[in-house]
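*Asks:* Sharing a structure with you now.
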Amino acid sequence: MTRWKTALLGAALTLAGQAGCKQQLFEHEPDIDHFRNEAMKLGAPANLEIDRSSTLTPGNWGAWPVPKTPDNPDRPARYLTLMEAVSIALEQGTTGFLTLGGGGQGVANENVQSGQGGTFTDSIRVLALGPATSGADIESALSKFDAHYVASSTWGRVDTQPTSILNNFQNGDTAAITSSIFKGSPTGGVWGITASMNYLYVHPVPAGGGIFVNPSYRPQLQFQFEQPLLQSYGVEINQLLSQFPQPQTFNRFRASGGRTEGIIITRIRFEQAKAEFERNVNHMLLNVETAYWNLYAAYGTLYSRKKSLLEAYELWRNIKNRVEGGLEQPQDEKRVLAQLENFRAQHIQGLGQVIESERQLRLLLGMTDDFTRLVPIDTPTEAPYQPDWQLAVNEALTNRPELVQARQDLKTHQLDILIQRNQLKWDLRLTGSYDINGVGNRLDGSAVDGLGNPKNAFTQFSNDKWNNWQYGLLLDVPFGHRDAHAALRTSHLNLLRSYVALRENEKKVVSQLANQYSRINEFLRTIQAQHAQYVRAQQEYDLLKNRKDLQDLASTLEAMLNAQLTVTAAQTAEFQAVATYNTALAGFQLAKGTILQYDNVSIGEGALPECAQIRATDHFRERTKALVLRERPDEAVAPTGVKDIERDPLAGLMPYGNGAPPPSVLQMMNPQVTPFGPPPGPMNAAPNGAPAVPNGSLQAPPMGSPATPNGSTTMSSTPPALSAGVSNYTKWPTTPNVATPSNRPTAPPWQSGLVQPAGATGGPGTP
């Protein structure tokens with residue numbers, strides 16, 4: 001054999017060996033163990049892939065406790081910082097509704113949907129699998145260049161009626177063994193090496209002379225190639241095509257892949273999947289922060305309504321005593337009593353709002369009911385924040401995951417133009433083959449027999465005496481290329497549509513950013529205005545209550561009632577404005593795509609180490625406990641309004657009727673019908689045998705009176721029954737849970753998560 005053929009054979013064998021599988025042929029045992037562990041971490045059985053009972057057996061939810069209600073709201077408090085809430089959400093939470101500034105912000109998505117398209121879930125654990133799935137598609141796209149090993153073995157007999165001498169040489173036993181390695185090249189061509197052994201034993205031996213080898217072994221080694229020259233030629237286009245160009249002369253070669261798009265586009269889809277996951281995480285962080293501050297506002301609202309309820313009870317007792325002394329008209333007592341019951345109803349609604357706000361936060365955190373009551377203890381940010389507008393716009397246009405996805409989509413349509421233009425080219429291919437043959441009646445022994453006929457087939461093969469070769473061109477051109485032109489026109493239209501959509505989305509992002517920019521200033525000024533309104537209304541009420549010279553005026557009572565309403569509304573609105581301001585800060589960070597940095601969260605590729613997953617949440621949980629123990633005394637460990645959230649502060653002093661109102665038609669026909677059940681017993685009698693409330697006037701200290709060392713205020717001349725009914729209330733400060741404009745914190749928003757110690761700015765127990 002000549003040297004060049006030897007070198008060619010060696011190079012071909014080396015190429016075939018190097019072109020083997022990149023991955024191992026069989027499933028790895030570590031992969032099996034990994035997926036089993038992941039299934040068990042998600043609560044699934046280890047053999048989920050074969051366990052059919054999992055499709056029939058419901059989950060174990062029997063230990064779910066009875067939900068909290070306004071009749072039974074209180075449980076042991078579990079103090080929660082915002083960073084711990086974020087950590088828990090990243091570990092097991094849900095995204096909620098993906099809105100910014102809409103009605104669904106801070107609300108969990110409780111839609112239960114399932115169908116042929118799959119079961120809906122917004123669990124962060126499930127959404128994290130999306131980029132992993134897209135990453136696996138990259139391997140599928142690369143598989144079209146994998147080498148293929150094709151082998152076949154056949155045995156048979158030919159026994160046809162002899163019609164010619166040539167036909168006689170074909171009858172007999174046959175066998176064929178073939179092994180081939182085919183490899184697709186990055187330029188779109190296919191290279192192949194085929195080794196075969198054909199066997200033929202002719203019987204009966206035809207009469208006649210001449211050289212005849214029977215039985216015959218015919219080894220053959222064949223080299224083949226096929227390369228497109230115009231259509232589908234080149235590395236770039238073959239990185240875009242979803243399928244490998246099917247060769248015309250390789251009948252047994254079937255390229256892998258085709259399930260996904262081309263390699264470059266599949267990588268773009270992977271980047272889009274990561275951006276989509278980031279978008280979900282961004283909205284989850286916003287919803288968690290919103291739900292956290294909503295719960296804070298709900299507790300603040302409950303506190304203000306509880307305080308107003310006790311103030312109304314005090315006023316009603318004073319008016320009742322004055323009516324009994326002839327100093328007031330009877331209708332005045334009923335007017336005050338009506339407002340008292342209104343405050344009681346508002347207090348019940350406040351309890352319900354606390355329960356619902358906590359439920360929404362638990363859903364977003366992925367937490368089931370653990371027989372505790374979540375209590376936010378982070379200090380809300382009230383410092384002014386004035387961002388740079390142009391810098392914020394640049395950050396939003398660069399960082400928003402939605403725009404990243406839109407730009408990637410525009411890129412895919414640009415690449416699709418190249419794919420469609422490729423179809424306009426002629427399908428011209430260069431083909432060729434070269435083989436080495438041998439023949440003999442044995443596979444061992446000497447090269448020839450005594451008569452000089454070939455004997456050892458492998459010796460004849462190695463002598464390289466018989467070679468076949470063939471080269472040629474294949475051309476396929478459709479007339480008109482109508483389908484290719486239509487596809488190219490559609491691709492141009494899709495590109496234009498994608499470009500316009502990108503610019504429209506950029507405009508929407510800037511508009512959203514402008515809205516959040518304005519909301520920051522709006523709610524900061526709202527906090528100041530609501531606080532000023534609350535202070536002035538409280539001062540008005542204190543003046544009306546303490547000035548004896550105004551007590552006999554007929555307009556004083558109505559002014560006091562209006563002042564009570566104003567105080568409650570202003571304080572409630574102030575708590576809500578504080579919560580909304582902190583939510584607006586998070587919304588602004590989301591609008592400019594930097595909420596991950598704002599909350600100190602990062603997203604990386606690959607699985608997070610198990611120890612890091614566990615330690616992150618544990619670290620924040622232990623930090624929360626340390627903050628509570630070190631910086632808050634026992635008497636002021638809870639934020640305003642959450643020390644005890646009893647069902648009714650006046651339950652032991654002033655029970656209300658339990659009867660249902662009569663039908664509305666009956667009320668309209670007979671307006672004299674009592675709208676509620678039987679009236680309560682004597683108002684000056686305390687239940688359960690407690691000492692009776694004397695008829696003397698009850699006077700609470702004015703707002704701003706000195707506080708006791710433990711943060712509670714003293715009440716003068718409080719009888720035992722009243723003291724028993726409002727003992728929890730007396731521990732709360734008499735100042736609202738906000739800082740005045742003169743002493744507002746000046747720390748930047750990202751440094752405002754520290755808990756103030758008792759007695760710091762804002763009053764004792766300020767969260």
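Every chain in the structure tokens has a letter given in the order shown (A, B, ...), and although residue numbers restart at 1 in each chain, ligands are simply numbered from 1 in the order shown.
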If we count only C-alpha atoms, what is near segment 176-180 of chain A at a cut-off of 12 Å, once residues fewer than 5 positions away on the same chain are taken out, given as a ChimeraX atom specification?
*Replies:* /A:13,16,147-157,191-200,216-224,250-253
*Asks:* Next, the residues of the selection above should be written as a compact mmCIF listing (two decimals), in the first residue's frame with C-alpha atoms.
*Replies:*
# COMPACT_ATOMS: atom_id res chain seq x y z
CA LEU A 13 -9.27 6.13 11.85
CA ALA A 16 -13.31 8.51 13.71
CA ALA A 147 -20.90 11.12 15.16
CA HIS A 148 -23.14 8.13 14.37
CA TYR A 149 -22.14 4.50 14.42
CA VAL A 150 -24.28 2.39 12.05
CA ALA A 151 -23.86 -1.39 11.80
CA SER A 152 -25.78 -4.17 10.14
CA SER A 153 -25.52 -7.95 9.69
CA THR A 154 -27.56 -9.97 7.18
CA TRP A 155 -27.67 -13.61 6.15
CA GLY A 156 -29.58 -15.17 3.27
CA ARG A 157 -29.74 -17.56 0.35
CA TRP A 191 -17.89 12.33 6.12
CA GLY A 192 -18.09 8.58 6.49
CA ILE A 193 -15.96 5.45 6.83
CA THR A 194 -17.55 2.08 6.10
CA ALA A 195 -15.93 -1.31 6.68
CA SER A 196 -17.79 -4.32 5.27
CA MET A 197 -17.32 -8.05 4.73
CA ASN A 198 -19.43 -9.83 2.07
CA TYR A 199 -19.59 -13.62 1.86
CA LEU A 200 -20.87 -15.76 -1.04
CA SER A 216 -15.55 -15.91 -1.56
CA TYR A 217 -14.83 -13.35 1.19
CA ARG A 218 -14.73 -9.76 0.01
CA PRO A 219 -13.50 -7.19 2.58
CA GLN A 220 -13.99 -3.54 1.68
CA LEU A 221 -13.08 -0.17 3.24
CA GLN A 222 -14.93 2.81 1.75
CA PHE A 223 -14.41 6.55 2.32
CA GLN A 224 -17.32 8.89 1.46
CA PHE A 250 -25.67 8.68 2.67
CA ASN A 251 -28.75 6.52 2.83
CA ARG A 252 -28.16 5.25 6.33
CA PHE A 253 -27.19 8.55 7.99
*Asks:* Could you name the residues that touch Lys274 of chain A at 12 Å or less, counting only C-alpha atoms, but leaving out those on the same chain fewer than 2 positions away, as a PyMOL selection string?
*Replies:* chain A and resi 127-135+267-272+276-281+401-402+404-405+408+603-606
*Asks:* What's around Ser433 of chain A at 9 Å? Count only C-alpha atoms, leave out sequence neighbours fewer than 2 positions away in its own chain, and write the answer as a list in words.
*Replies:* Gln222, Phe223, Gln224, Phe225, Glu226, Thr431, Asp435, Asn468, Trp469, Gln470 and Tyr471 of chain A
*Asks:* Write out, as JSON lines, each residue of segment 233-333 of chain A that has an atom at most 6 Å from segment 572-583 of chain A, together with the closest pair of atoms and their distance in Å to one decimal, counting only C-alpha atoms, rows going by chain and rising number.
*Replies:*
{"residue": "A:Thr290", "atom": "CA", "partner": "A:Thr583", "partner_atom": "CA", "distance": 5.3}
{"residue": "A:Trp293", "atom": "CA", "partner": "A:Ala579", "partner_atom": "CA", "distance": 5.0}
{"residue": "A:Ala297", "atom": "CA", "partner": "A:Gln576", "partner_atom": "CA", "distance": 5.2}
{"residue": "A:Gly300", "atom": "CA", "partner": "A:Phe575", "partner_atom": "CA", "distance": 5.8}
{"residue": "A:Thr301", "atom": "CA", "partner": "A:Thr572", "partner_atom": "CA", "distance": 4.9}
*Asks:* Which residues, written as a list of chain:residue names, have at least one atom at most 9 Å from Arg442 of chain A, with only C-alpha atoms counted and residues fewer than 2 positions away on the same chain left out?
*Replies:*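 Close residues of Arg442 of chain A: A:Pro215, A:Ser216, A:Tyr217, A:Val439, A:Gly440, A:Asp444, A:Gly445, A:Pro454, A:Lys455, A:Asn456, A:Ala457, A:Phe458.
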